[in-house]
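Colleague: Dropping in coords01.cif, with mmCIF, C-alpha atoms and all ligand atoms.
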```cif
data_target
#
loop_
_atom_site.group_PDB
_atom_site.id
_atom_site.type_symbol
_atom_site.label_atom_id
_atom_site.label_comp_id
_atom_site.auth_asym_id
_atom_site.auth_seq_id
_atom_site.Cartn_x
_atom_site.Cartn_y
_atom_site.Cartn_z
ATOM 1 C CA MET A 1 1.122 38.987 -16.654
ATOM 2 C CA LYS A 2 -2.322 38.359 -15.201
ATOM 3 C CA CYS A 3 -4.372 35.186 -15.255
ATOM 4 C CA ARG A 4 -6.644 36.568 -17.912
ATOM 5 C CA GLU A 5 -3.746 37.475 -20.169
ATOM 6 C CA LEU A 6 -2.290 34.050 -19.700
ATOM 7 C CA ALA A 7 -5.528 32.497 -20.859
ATOM 8 C CA GLU A 8 -5.393 34.615 -24.001
ATOM 9 C CA PHE A 9 -1.874 33.464 -24.786
ATOM 10 C CA LEU A 10 -2.528 29.852 -23.959
ATOM 11 C CA MET A 11 -3.236 28.693 -27.481
ATOM 12 C CA ASP A 12 -0.132 30.321 -28.914
ATOM 13 C CA TYR A 13 1.955 29.016 -26.060
ATOM 14 C CA VAL A 14 0.866 25.442 -26.569
ATOM 15 C CA GLY A 15 1.450 25.879 -30.275
ATOM 16 C CA GLY A 16 4.956 27.155 -29.632
ATOM 17 C CA GLU A 17 4.124 30.457 -31.323
ATOM 18 C CA LEU A 18 4.688 32.965 -28.545
ATOM 19 C CA PRO A 19 7.572 35.407 -28.886
ATOM 20 C CA GLU A 20 10.257 34.441 -26.435
ATOM 21 C CA ASP A 21 9.788 37.436 -24.147
ATOM 22 C CA VAL A 22 6.072 36.773 -23.823
ATOM 23 C CA ARG A 23 6.704 33.091 -23.318
ATOM 24 C CA VAL A 24 9.063 33.806 -20.463
ATOM 25 C CA GLN A 25 6.442 35.972 -18.768
ATOM 26 C CA PHE A 26 3.910 33.265 -19.389
ATOM 27 C CA GLU A 27 6.131 30.676 -17.753
ATOM 28 C CA VAL A 28 6.871 32.946 -14.816
ATOM 29 C CA HIS A 29 3.198 33.270 -14.157
ATOM 30 C CA LEU A 30 2.724 29.533 -14.513
ATOM 31 C CA SER A 31 5.462 28.831 -12.011
ATOM 32 C CA ARG A 32 3.754 31.090 -9.482
ATOM 33 C CA CYS A 33 0.076 30.528 -10.157
ATOM 34 C CA HIS A 34 -1.287 27.123 -9.330
ATOM 35 C CA ASN A 35 -4.636 27.811 -10.960
ATOM 36 C CA CYS A 36 -3.124 28.693 -14.308
ATOM 37 C CA HIS A 37 -0.756 25.748 -14.103
ATOM 38 C CA GLU A 38 -3.707 23.427 -13.737
ATOM 39 C CA TYR A 39 -5.561 25.256 -16.461
ATOM 40 C CA LEU A 40 -2.661 24.736 -18.844
ATOM 41 C CA GLU A 41 -2.439 21.060 -17.997
ATOM 42 C CA GLN A 42 -6.109 20.598 -18.708
ATOM 43 C CA TYR A 43 -5.783 22.530 -21.919
ATOM 44 C CA GLN A 44 -2.831 20.444 -23.036
ATOM 45 C CA ALA A 45 -4.595 17.233 -22.103
ATOM 46 C CA THR A 46 -7.500 18.270 -24.280
ATOM 47 C CA ILE A 47 -5.277 19.096 -27.217
ATOM 48 C CA THR A 48 -3.158 16.010 -26.791
ATOM 49 C CA ALA A 49 -6.227 13.840 -26.779
ATOM 50 C CA GLY A 50 -7.375 15.394 -30.039
ATOM 51 C CA LYS A 51 -4.091 15.649 -31.902
ATOM 52 C CA ILE A 52 -1.689 13.131 -30.496
ATOM 53 C CA ALA A 53 -0.096 12.482 -33.851
ATOM 54 C CA CYS A 54 0.994 16.030 -34.636
ATOM 55 C CA GLU A 55 1.231 17.780 -31.273
ATOM 56 C CA GLU A 56 3.977 15.751 -29.654
ATOM 57 C CA GLU A 57 6.666 18.357 -30.040
ATOM 58 C CA HIS A 58 4.406 21.062 -28.677
ATOM 59 C CA VAL A 59 3.666 19.086 -25.566
ATOM 60 C CA VAL A 60 7.360 18.641 -24.961
ATOM 61 C CA LEU A 61 7.969 22.324 -25.564
ATOM 62 C CA ALA A 62 5.353 23.308 -23.019
ATOM 63 C CA ASP A 63 6.671 20.868 -20.459
ATOM 64 C CA VAL A 64 9.457 23.163 -19.350
ATOM 65 C CA PRO A 65 11.006 22.311 -16.001
ATOM 66 C CA GLU A 66 10.631 25.024 -13.405
ATOM 67 C CA ASP A 67 14.377 25.158 -12.899
ATOM 68 C CA LEU A 68 14.834 26.036 -16.538
ATOM 69 C CA VAL A 69 12.263 28.790 -16.266
ATOM 70 C CA LYS A 70 14.082 30.204 -13.285
ATOM 71 C CA ALA A 71 17.364 30.058 -15.154
ATOM 72 C CA ILE A 72 15.828 31.930 -18.073
ATOM 73 C CA LEU A 73 14.388 34.490 -15.717
ATOM 74 C CA ALA A 74 17.662 34.975 -13.945
ATOM 75 C CA ALA A 75 19.351 35.639 -17.258
ATOM 76 C CA ARG A 76 16.607 38.020 -18.358
ATOM 77 C CA GLY A 77 16.172 39.745 -15.024
ATOM 78 C CA ALA A 78 19.622 41.241 -15.365
ATOM 79 C CA ARG A 79 18.529 43.637 -18.077
ATOM 80 C CA LYS A 80 14.948 44.081 -16.976
ATOM 81 C CA ALA A 81 15.711 46.632 -14.252
HETATM 82 ZN ZN ZN A 101 -2.799 32.758 -12.933
#
```
For this file, write the structure as structure tokens.
Modeller:
Amino acid sequence: MKCRELAEFLMDYVGGELPEDVRVQFEVHLSRCHNCHEYLEQYQATITAGKIACEEEHVVLADVPEDLVKAILAARGARKA
């Protein structure tokens, strides 16, 4: 996934609406790309500020620890060839 693609998926990601395979790719990119990581944080901060009442679960969902991402990747990498 490229930075531009990530930006296109950002809204769905924050909303928890990405298919799992896309989300994993998204999170891989995030774990490797500092710029996109910061971009996501800014995006989330904006959303959180506007919809604190109803976005709580989405913020938690997006706040995936890097170790978890790596674990997911390790599991997926096995069949990715
Ligand atoms: Zn990037």
Colleague: Given a cut-off of 7 Å, what residues near ligand ZN 101 (chain A) show up using only C-alpha atoms and all ligand atoms, put as a VMD selection string?
Modeller: chain A and resid 2 to 3 6 29 to 30 33 to 36
Colleague: A:Met1, A:Val28, A:Ala7, A:Val22: which is nearest Val64 (chain A), counting all atoms listed in the file?
Modeller: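 Result for the nearest residue to Val64 (chain A): A:Val28.
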Colleague: If you measure from CA of Leu10 (chain A) to CA of Asp67 (chain A), what distance in Å do you get, rounded to one decimal?
Modeller: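 We find that CA of Leu10 (chain A) and CA of Asp67 (chain A) lie 20.7 Å from each other.
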Colleague: For the structure provided, state which residues fall under the PyMOL selection byres (((chain A and resi 21) around 12) and not hetatm), and present them as a list in words.
Modeller: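 After applying the PyMOL selection byres (((chain A and resi 21) around 12) and not hetatm), what remains is Met1, Tyr13, Glu17, Leu18, Pro19, Glu20, Val22, Arg23, Val24, Gln25, Phe26, Glu27, Val28, Val69, Ile72, Leu73, Ala75, Arg76, Gly77 and Lys80 of chain A.
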Colleague: What does the distance between CA of His37 (chain A) and CA of Gly16 (chain A) come to in Å, to one decimal place?
Modeller: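 It comes out at 16.6 Å.
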Colleague: Would you work out the distance separating CA of Thr48 (chain A) from CA of Ala71 (chain A), expressed in Å to one decimal?
Modeller: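 These two atoms are separated by 27.5 Å.
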Colleague: Of the residues A:Arg4, A:Phe9, A:Pro65, A:Gly15, which is the one nearest to Ile47 (chain A), using only C-alpha atoms?
Modeller: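 Among the listed residues, the smallest separation from Ile47 (chain A) belongs to A:Gly15.
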